[in-house]
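Encoded as structure tokens, the structure appears first; notes follow it.
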Amino acid sequence: MKKNEHADHISTLLGVGTTIEGNLAFKDTIRLDGVVRGKILSDKGTLIIGERAVVEAQICVGAAIVKGTVNGHIQALERIDVYPPARITGDIQAPVISIETGVFFNGNCRMAEVEPRPVEKKTIETTRDEKKSE
């Protein structure tokens, strides 16, 4: 993926000065330029972490483009592209991984398919309990 291909359509932008704590779920493409702490989840969406972004999160997305700072694990179903001046401290996993010269990366890299996230056990138990009470 070329650098210019990722900016075709950004559906959500969290700009510089924005801070979010908790779970962030999205569809389509999101660009982060602020601070995010928690979990970032998307089944098929693309996450763009801008140069000024600081992300302290567990990330599981369709594709990830990283140019900022990430402290946490990144899993992508399709690919992870990392460009300078990115700084990643944590493990990364995707079937396709591209890390350019000039990136700081401290963690383990696994080029393998990511299994889709399992349905939360609590949700399954709630559904079963609801059926029993009917």
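FYI, nothing fancy with the structure tokens labels: chains A, B, ... in order, residues from 1 per chain, ligands from 1 as they appear.
Shell of A:Ala86 at 9 Å, with only C-alpha atoms counted and residues fewer than 4 places along the chain excluded, is Ile49, Gly50, Glu51, Val66, Lys67, Gly68, Thr69, Val70, Val82, Gly102, Val103, Phe104 and Phe105 of chain A.
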Quick one: pull the distance between atom CA of A:Arg52 and atom CA of A:Arg31, Å, one decimal.
11.1 Å
Nearest to A:Ile40 among A:Asp28, A:Gly22, A:Ile59, A:Leu14, with distances taken over only C-alpha atoms: which residue is it?
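Checking each of A:Asp28, A:Gly22, A:Ile59, A:Leu14 against A:Ile40, counting only C-alpha atoms, the winner is A:Ile59.
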Sel. of strand (DSSP E or B) residues, stretch 9-44 of chain A, as a list of chain:residue names
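Those in stretch 9-44 of chain A that DSSP calls strand (DSSP E or B) are A:Thr12, A:Leu13, A:Leu14, A:Thr19, A:Ile20, A:Glu21, A:Gly22, A:Asn23, A:Leu24, A:Ala25, A:Thr29, A:Ile30, A:Arg31, A:Leu32, A:Val35, A:Val36, A:Arg37, A:Gly38, A:Lys39, A:Ile40, A:Leu41.
Shortest atom-to-atom contact with A:Lys27 among A:Gly15, A:Gly107, A:Gly45, A:Gly90: A:Gly45, counting only C-alpha atoms.
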Please identify all polymer residues within 7 Å of A:Asn71, counting only C-alpha atoms, omitting same-chain residues fewer than 5 positions from it, and present them as an MDAnalysis selection string.
chainID A and resid 55:57 88:90
Name the residues in contact with A:Lys44 at a cut-off of 12 Å, using only C-alpha atoms, excluding same-chain residues fewer than 4 positions from it; report them as a list in words.
Ala25, Phe26, Lys27, Asp28, Thr29, Ile30, Cys60, Val61, Gly62, Ala63, Ala64, Gln75, Ala76, Leu77, Glu78, Arg79, Pro116 and Arg117 of chain A
Residues of stretch 13-133 of chain A in helix (DSSP H, G or I) according to DSSP, as a list in words?
Lys121, Lys122, Thr123, Ile124, Glu125, Thr126, Thr127, Arg128, Asp129, Glu130, Lys131, Lys132 and Ser133 of chain A
